[in-house]
Amino acid sequence: TANIRPEIALPIAPGIYAVTLGLEGRAPLPAVASLGTNPTFVANGGLVLEVHVLDWDGDLYDRQVRTAFIARLSDEEKFDSVAALVEQIQRDIAAARAVLNS
């Protein structure tokens, strides 16, 4: 997962997205992203882009990445429990896979 503080204002609404993550010298990697303030854990947090690369194991620290937003999957949501959040993350991953594989 890459946790990114956007360097520019993003012209999209907070939410969950099917995306690709570009790394220099590689084909774009399929991923799911959350753009928002992480309301389940943080009150009045700043905007963060969290990108989880699907089916890939590697180190993203100190690497420049480029995220391409493919499709918006849902709004950002605050959950009552970590378990509920994890369940939704699994649904978001499945939805992102469906979009990116179509």
# chains A, B, ... in the order shown; residues from 1 in each chain; ligands from 1
$ residues_around --residues "His52 (chain A)" --least-positions-apart "6" --cutoff "8 Å" --atoms "only C-alpha atoms" --output "list in words"
Thr1, Ala2, Ala31, Val32 and Ala33 of chain A
$ write_last_selection --atoms "N, CA and C atoms" --output "compact mmCIF listing (two decimals), in the first residue's frame"
# COMPACT_ATOMS: atom_id res chain seq x y z
N THR A 1 0.84 -1.18 0.00
CA THR A 1 0.00 0.00 0.00
C THR A 1 0.88 1.24 0.00
N ALA A 2 0.56 2.17 -0.86
CA ALA A 2 1.25 3.47 -0.90
C ALA A 2 0.35 4.50 -0.26
N ALA A 31 -4.91 -1.67 -9.02
CA ALA A 31 -4.97 -1.29 -7.61
C ALA A 31 -6.35 -0.75 -7.26
N VAL A 32 -6.59 -0.61 -5.97
CA VAL A 32 -7.78 0.04 -5.45
C VAL A 32 -7.30 1.17 -4.55
N ALA A 33 -8.00 2.29 -4.58
CA ALA A 33 -7.54 3.46 -3.84
C ALA A 33 -8.65 4.08 -3.02
$ select_by_dssp --residues "chain A" --states "alpha helix (DSSP H)" --output "ChimeraX atom specification"
/A:82-100
$ closest_residue --among "A:Val48, A:Leu73, A:Val86, A:Ala98" --to "Ile16 (chain A)" --atoms "only C-alpha atoms"
A:Leu73
$ residues_around --residues "Gly46 (chain A)" --least-positions-apart "6" --cutoff "10 Å" --atoms "only C-alpha atoms" --output "mmCIF file with N, CA and C atoms, in the first residue's frame"
data_model
loop_
_atom_site.group_PDB
_atom_site.id
_atom_site.type_symbol
_atom_site.label_atom_id
_atom_site.label_comp_id
_atom_site.auth_asym_id
_atom_site.auth_seq_id
_atom_site.Cartn_x
_atom_site.Cartn_y
_atom_site.Cartn_z
ATOM 1 N N ARG A 5 0.356 11.777 0.082
ATOM 2 C CA ARG A 5 -0.233 13.092 0.292
ATOM 3 C C ARG A 5 -0.171 13.790 -1.062
ATOM 4 N N GLY A 36 -9.381 10.278 0.739
ATOM 5 C CA GLY A 36 -10.228 10.849 1.780
ATOM 6 C C GLY A 36 -9.467 11.176 3.043
ATOM 7 N N THR A 37 -10.215 11.281 4.112
ATOM 8 C CA THR A 37 -9.662 11.742 5.383
ATOM 9 C C THR A 37 -9.569 10.641 6.436
ATOM 10 N N ASN A 38 -9.874 9.397 6.048
ATOM 11 C CA ASN A 38 -9.792 8.259 6.960
ATOM 12 C C ASN A 38 -10.680 8.459 8.189
ATOM 13 N N PRO A 39 -11.976 8.712 7.993
ATOM 14 C CA PRO A 39 -12.855 9.108 9.096
ATOM 15 C C PRO A 39 -13.097 8.030 10.151
#
$ residues_around --residues "Val99 (chain A)" --least-positions-apart "2" --cutoff "12 Å" --atoms "only C-alpha atoms" --output "PyMOL selection string"
chain A and resi 17-20+30-32+69-73+92-97+101-102
$ write_last_selection --atoms "all heavy atoms" --output "CSV table (one decimal), in the first residue's frame"
chain,number,residue,atom,x,y,z
A,17,TYR,N,-11.8,4.1,-5.4
A,17,TYR,CA,-11.6,4.1,-6.8
A,17,TYR,C,-10.9,2.8,-7.3
A,17,TYR,O,-10.0,2.3,-6.6
A,17,TYR,CB,-10.8,5.3,-7.3
A,17,TYR,CG,-11.5,6.6,-7.2
A,17,TYR,CD1,-11.5,7.3,-6.0
A,17,TYR,CD2,-12.2,7.2,-8.3
A,17,TYR,CE1,-12.2,8.5,-5.8
A,17,TYR,CE2,-12.8,8.4,-8.1
A,17,TYR,CZ,-12.8,9.0,-6.9
A,17,TYR,OH,-13.5,10.2,-6.8
A,18,ALA,N,-11.2,2.3,-8.4
A,18,ALA,CA,-10.4,1.4,-9.2
A,18,ALA,C,-9.3,2.2,-9.9
A,18,ALA,O,-9.7,3.2,-10.6
A,18,ALA,CB,-11.2,0.6,-10.2
A,19,VAL,N,-8.1,1.9,-9.7
A,19,VAL,CA,-7.0,2.7,-10.2
A,19,VAL,C,-5.9,1.8,-10.8
A,19,VAL,O,-5.9,0.6,-10.6
A,19,VAL,CB,-6.3,3.6,-9.2
A,19,VAL,CG1,-7.4,4.6,-8.6
A,19,VAL,CG2,-5.7,2.8,-8.1
A,20,THR,N,-4.9,2.4,-11.4
A,20,THR,CA,-3.7,1.7,-11.7
A,20,THR,C,-2.5,2.6,-11.1
A,20,THR,O,-2.7,3.8,-10.9
A,20,THR,CB,-3.4,1.5,-13.2
A,20,THR,OG1,-3.4,2.8,-13.9
A,20,THR,CG2,-4.4,0.6,-13.9
A,30,PRO,N,-2.6,-3.0,-11.4
A,30,PRO,CA,-4.0,-2.8,-10.9
A,30,PRO,C,-4.0,-2.6,-9.4
A,30,PRO,O,-3.2,-3.2,-8.7
A,30,PRO,CB,-4.6,-4.2,-11.3
A,30,PRO,CG,-3.5,-5.1,-11.3
A,30,PRO,CD,-2.3,-4.4,-11.7
A,31,ALA,N,-4.9,-1.7,-9.0
A,31,ALA,CA,-5.0,-1.3,-7.6
A,31,ALA,C,-6.4,-0.8,-7.3
A,31,ALA,O,-7.2,-0.5,-8.1
A,31,ALA,CB,-3.9,-0.2,-7.3
A,32,VAL,N,-6.6,-0.6,-6.0
A,32,VAL,CA,-7.8,0.0,-5.4
A,32,VAL,C,-7.3,1.2,-4.6
A,32,VAL,O,-6.3,1.0,-3.9
A,32,VAL,CB,-8.7,-1.0,-4.7
A,32,VAL,CG1,-8.0,-1.6,-3.5
A,32,VAL,CG2,-10.0,-0.3,-4.3
A,69,PHE,N,-6.8,7.2,-12.2
A,69,PHE,CA,-8.1,6.9,-11.7
A,69,PHE,C,-9.0,6.3,-12.9
A,69,PHE,O,-9.2,7.0,-13.9
A,69,PHE,CB,-8.7,8.1,-11.1
A,69,PHE,CG,-8.1,8.5,-9.8
A,69,PHE,CD1,-6.9,9.2,-9.9
A,69,PHE,CD2,-8.6,8.2,-8.6
A,69,PHE,CE1,-6.2,9.6,-8.7
A,69,PHE,CE2,-8.0,8.5,-7.4
A,69,PHE,CZ,-6.8,9.3,-7.5
A,70,ILE,N,-9.4,5.1,-12.7
A,70,ILE,CA,-10.2,4.4,-13.8
A,70,ILE,C,-11.7,4.6,-13.6
A,70,ILE,O,-12.4,4.9,-14.5
A,70,ILE,CB,-9.8,2.9,-13.9
A,70,ILE,CG1,-8.3,2.8,-14.0
A,70,ILE,CG2,-10.6,2.2,-15.0
A,70,ILE,CD1,-7.6,3.5,-15.2
A,71,ALA,N,-12.2,4.2,-12.3
A,71,ALA,CA,-13.6,4.3,-12.1
A,71,ALA,C,-13.8,4.5,-10.6
A,71,ALA,O,-13.1,4.0,-9.7
A,71,ALA,CB,-14.3,3.0,-12.5
A,72,ARG,N,-14.9,5.3,-10.3
A,72,ARG,CA,-15.3,5.6,-8.9
A,72,ARG,C,-16.2,4.5,-8.4
A,72,ARG,O,-17.2,4.2,-9.1
A,72,ARG,CB,-16.0,6.9,-8.8
A,72,ARG,CG,-16.2,7.4,-7.3
A,72,ARG,CD,-16.6,8.9,-7.3
A,72,ARG,NE,-16.5,9.4,-6.0
A,72,ARG,CZ,-17.4,9.4,-5.1
A,72,ARG,NH1,-18.6,8.8,-5.3
A,72,ARG,NH2,-17.2,9.9,-3.9
A,73,LEU,N,-15.9,3.8,-7.3
A,73,LEU,CA,-16.6,2.7,-6.8
A,73,LEU,C,-17.6,3.1,-5.8
A,73,LEU,O,-18.7,2.5,-5.7
A,73,LEU,CB,-15.7,1.6,-6.3
A,73,LEU,CG,-14.6,1.1,-7.2
A,73,LEU,CD1,-13.7,0.2,-6.5
A,73,LEU,CD2,-15.2,0.5,-8.4
A,92,ASP,N,-14.6,-3.8,-1.9
A,92,ASP,CA,-14.0,-2.8,-2.8
A,92,ASP,C,-12.9,-3.4,-3.7
A,92,ASP,O,-12.8,-3.1,-4.9
A,92,ASP,CB,-13.4,-1.6,-2.0
A,92,ASP,CG,-14.4,-0.8,-1.3
A,92,ASP,OD1,-15.6,-0.8,-1.7
A,92,ASP,OD2,-14.1,-0.2,-0.3
A,93,ILE,N,-12.2,-4.3,-3.1
A,93,ILE,CA,-11.1,-5.0,-3.9
A,93,ILE,C,-11.8,-5.8,-5.0
A,93,ILE,O,-11.3,-5.8,-6.2
A,93,ILE,CB,-10.2,-5.9,-3.0
A,93,ILE,CG1,-9.3,-5.0,-2.1
A,93,ILE,CG2,-9.4,-6.9,-3.8
A,93,ILE,CD1,-8.6,-5.7,-1.1
A,94,ALA,N,-12.8,-6.6,-4.7
A,94,ALA,CA,-13.6,-7.3,-5.7
A,94,ALA,C,-14.1,-6.5,-6.8
A,94,ALA,O,-14.0,-6.8,-8.0
A,94,ALA,CB,-14.6,-8.2,-5.0
A,95,ALA,N,-14.7,-5.3,-6.4
A,95,ALA,CA,-15.3,-4.4,-7.4
A,95,ALA,C,-14.2,-3.8,-8.3
A,95,ALA,O,-14.4,-3.7,-9.5
A,95,ALA,CB,-16.0,-3.3,-6.7
A,96,ALA,N,-13.0,-3.5,-7.7
A,96,ALA,CA,-11.9,-2.9,-8.5
A,96,ALA,C,-11.4,-4.0,-9.5
A,96,ALA,O,-11.2,-3.6,-10.6
A,96,ALA,CB,-10.8,-2.5,-7.6
A,97,ARG,N,-11.3,-5.2,-9.0
A,97,ARG,CA,-10.8,-6.3,-9.9
A,97,ARG,C,-11.8,-6.4,-11.1
A,97,ARG,O,-11.4,-6.5,-12.2
A,97,ARG,CB,-10.8,-7.6,-9.2
A,97,ARG,CG,-9.6,-7.8,-8.3
A,97,ARG,CD,-9.6,-9.3,-7.7
A,97,ARG,NE,-8.8,-9.4,-6.6
A,97,ARG,CZ,-7.5,-9.5,-6.5
A,97,ARG,NH1,-6.9,-9.4,-7.7
A,97,ARG,NH2,-6.9,-9.6,-5.4
A,101,ASN,N,-10.5,-5.7,-14.8
A,101,ASN,CA,-10.5,-6.9,-15.7
A,101,ASN,C,-11.4,-6.8,-16.9
A,101,ASN,O,-11.4,-7.7,-17.7
A,101,ASN,CB,-10.7,-8.2,-14.9
A,101,ASN,CG,-9.5,-8.5,-14.0
A,101,ASN,OD1,-8.4,-8.1,-14.3
A,101,ASN,ND2,-9.8,-9.1,-12.9
A,102,SER,N,-12.3,-5.8,-16.9
A,102,SER,CA,-13.3,-5.7,-18.0
A,102,SER,C,-12.7,-4.9,-19.2
A,102,SER,O,-11.7,-4.3,-19.2
A,102,SER,CB,-14.6,-5.0,-17.5
A,102,SER,OG,-14.3,-3.7,-17.1
$ atom_distance --atom1 "CA of Ser81 (chain A)" --atom2 "CA of Leu100 (chain A)"
28.5 Å
$ select_by_dssp --residues "chain A" --states "strand (DSSP E)" --output "VMD selection string"
chain A and resid 2 to 4 15 to 23 29 to 36 48 to 53 65 to 74
$ write_last_selection --atoms "C-alpha atoms" --output "PDB file, in the first residue's frame"
ATOM      1  CA  ALA A   2       1.254   3.465  -0.904  1.00  0.00           C
ATOM      2  CA  ASN A   3       0.129   6.296   1.375  1.00  0.00           C
ATOM      3  CA  ILE A   4       0.360   9.479  -0.649  1.00  0.00           C
ATOM      4  CA  GLY A  15     -14.153   8.079  -2.322  1.00  0.00           C
ATOM      5  CA  ILE A  16     -13.040   4.616  -3.325  1.00  0.00           C
ATOM      6  CA  TYR A  17     -11.635   4.091  -6.826  1.00  0.00           C
ATOM      7  CA  ALA A  18     -10.373   1.388  -9.155  1.00  0.00           C
ATOM      8  CA  VAL A  19      -6.967   2.703 -10.239  1.00  0.00           C
ATOM      9  CA  THR A  20      -3.650   1.729 -11.724  1.00  0.00           C
ATOM     10  CA  LEU A  21      -0.327   2.551 -10.126  1.00  0.00           C
ATOM     11  CA  GLY A  22       2.555   3.405 -12.398  1.00  0.00           C
ATOM     12  CA  LEU A  23       6.155   2.738 -11.433  1.00  0.00           C
ATOM     13  CA  LEU A  29      -0.266  -2.236 -11.765  1.00  0.00           C
ATOM     14  CA  PRO A  30      -3.959  -2.825 -10.931  1.00  0.00           C
ATOM     15  CA  ALA A  31      -4.967  -1.289  -7.611  1.00  0.00           C
ATOM     16  CA  VAL A  32      -7.782   0.036  -5.447  1.00  0.00           C
ATOM     17  CA  ALA A  33      -7.538   3.458  -3.837  1.00  0.00           C
ATOM     18  CA  SER A  34      -9.150   5.435  -1.069  1.00  0.00           C
ATOM     19  CA  LEU A  35      -9.035   9.204  -1.392  1.00  0.00           C
ATOM     20  CA  GLY A  36     -10.228  10.849   1.780  1.00  0.00           C
ATOM     21  CA  VAL A  48      -4.718  11.213   1.948  1.00  0.00           C
ATOM     22  CA  LEU A  49      -4.578   8.883  -1.026  1.00  0.00           C
ATOM     23  CA  GLU A  50      -4.086   5.248  -0.004  1.00  0.00           C
ATOM     24  CA  VAL A  51      -3.370   2.954  -2.953  1.00  0.00           C
ATOM     25  CA  HIS A  52      -3.367  -0.815  -2.442  1.00  0.00           C
ATOM     26  CA  VAL A  53      -1.745  -2.663  -5.339  1.00  0.00           C
ATOM     27  CA  VAL A  65       4.442   6.670  -8.438  1.00  0.00           C
ATOM     28  CA  ARG A  66       1.655   7.843 -10.698  1.00  0.00           C
ATOM     29  CA  THR A  67      -1.958   6.932 -10.068  1.00  0.00           C
ATOM     30  CA  ALA A  68      -4.487   6.764 -12.904  1.00  0.00           C
ATOM     31  CA  PHE A  69      -8.107   6.875 -11.728  1.00  0.00           C
ATOM     32  CA  ILE A  70     -10.199   4.427 -13.783  1.00  0.00           C
ATOM     33  CA  ALA A  71     -13.602   4.293 -12.055  1.00  0.00           C
ATOM     34  CA  ARG A  72     -15.255   5.596  -8.892  1.00  0.00           C
ATOM     35  CA  LEU A  73     -16.617   2.705  -6.830  1.00  0.00           C
ATOM     36  CA  SER A  74     -18.216   4.408  -3.811  1.00  0.00           C
TER      37      SER A  74
END
$ closest_residue --among "A:Leu10, A:Gly58, A:Lys78, A:Leu85" --to "Ala43 (chain A)" --atoms "only C-alpha atoms"
A:Lys78
$ closest_residue --among "A:Tyr61, A:Leu47, A:Glu77, A:Arg91" --to "Pro6 (chain A)" --atoms "only C-alpha atoms"
A:Leu47
$ closest_residue --among "A:Val42, A:Ile8, A:Leu54, A:Ala13" --to "Pro28 (chain A)" --atoms "only C-alpha atoms"
A:Leu54
$ atom_distance --atom1 "CA of Ile89 (chain A)" --atom2 "CA of Asp57 (chain A)"
18.2 Å
$ atom_distance --atom1 "CA of Gly25 (chain A)" --atom2 "CA of Asp55 (chain A)"
18.1 Å
$ decode --residues "region 44-66 of chain A" --atoms "N, CA and C atoms" --output "short mmCIF file (atom, residue, chain, number, x, y, z; two decimals), in the first residue's frame"
data_model
loop_
_atom_site.label_atom_id
_atom_site.label_comp_id
_atom_site.auth_asym_id
_atom_site.auth_seq_id
_atom_site.Cartn_x
_atom_site.Cartn_y
_atom_site.Cartn_z
N ASN A 44 -11.33 14.91 11.55
CA ASN A 44 -10.83 16.11 10.87
C ASN A 44 -9.42 15.93 10.31
N GLY A 45 -9.17 14.78 9.73
CA GLY A 45 -7.86 14.51 9.14
C GLY A 45 -7.69 15.19 7.81
N GLY A 46 -6.45 15.25 7.37
CA GLY A 46 -6.14 15.81 6.06
C GLY A 46 -6.38 14.79 4.96
N LEU A 47 -6.44 15.26 3.74
CA LEU A 47 -6.69 14.41 2.59
C LEU A 47 -5.49 13.51 2.33
N VAL A 48 -5.76 12.21 2.21
CA VAL A 48 -4.72 11.21 1.95
C VAL A 48 -5.21 10.29 0.85
N LEU A 49 -4.30 9.87 0.00
CA LEU A 49 -4.58 8.88 -1.03
C LEU A 49 -3.87 7.60 -0.62
N GLU A 50 -4.64 6.55 -0.35
CA GLU A 50 -4.09 5.25 0.00
C GLU A 50 -4.34 4.32 -1.19
N VAL A 51 -3.27 3.80 -1.77
CA VAL A 51 -3.37 2.95 -2.95
C VAL A 51 -2.85 1.57 -2.60
N HIS A 52 -3.73 0.57 -2.71
CA HIS A 52 -3.37 -0.82 -2.44
C HIS A 52 -3.23 -1.54 -3.77
N VAL A 53 -2.01 -1.96 -4.09
CA VAL A 53 -1.75 -2.66 -5.34
C VAL A 53 -2.21 -4.11 -5.18
N LEU A 54 -2.96 -4.59 -6.16
CA LEU A 54 -3.51 -5.94 -6.12
C LEU A 54 -2.49 -6.97 -6.60
N ASP A 55 -2.37 -8.05 -5.87
CA ASP A 55 -1.54 -9.19 -6.29
C ASP A 55 -0.10 -8.81 -6.61
N TRP A 56 0.47 -7.96 -5.80
CA TRP A 56 1.85 -7.52 -6.01
C TRP A 56 2.52 -7.38 -4.67
N ASP A 57 3.75 -7.82 -4.58
CA ASP A 57 4.52 -7.70 -3.35
C ASP A 57 5.82 -7.00 -3.69
N GLY A 58 5.97 -5.79 -3.19
CA GLY A 58 7.17 -5.03 -3.49
C GLY A 58 7.27 -3.85 -2.56
N ASP A 59 8.34 -3.12 -2.68
CA ASP A 59 8.62 -1.97 -1.82
C ASP A 59 8.33 -0.68 -2.58
N LEU A 60 7.44 0.14 -2.04
CA LEU A 60 7.11 1.42 -2.67
C LEU A 60 7.73 2.61 -1.95
N TYR A 61 8.44 2.37 -0.86
CA TYR A 61 9.02 3.48 -0.10
C TYR A 61 10.01 4.26 -0.95
N ASP A 62 9.89 5.58 -0.89
CA ASP A 62 10.78 6.51 -1.58
C ASP A 62 10.78 6.32 -3.10
N ARG A 63 9.69 5.77 -3.65
CA ARG A 63 9.57 5.62 -5.09
C ARG A 63 8.53 6.60 -5.60
N GLN A 64 8.79 7.17 -6.75
CA GLN A 64 7.80 8.02 -7.38
C GLN A 64 6.80 7.14 -8.07
N VAL A 65 5.52 7.45 -7.83
CA VAL A 65 4.44 6.67 -8.44
C VAL A 65 3.46 7.62 -9.10
N ARG A 66 2.70 7.08 -10.03
CA ARG A 66 1.66 7.84 -10.70
C ARG A 66 0.38 7.01 -10.65
#
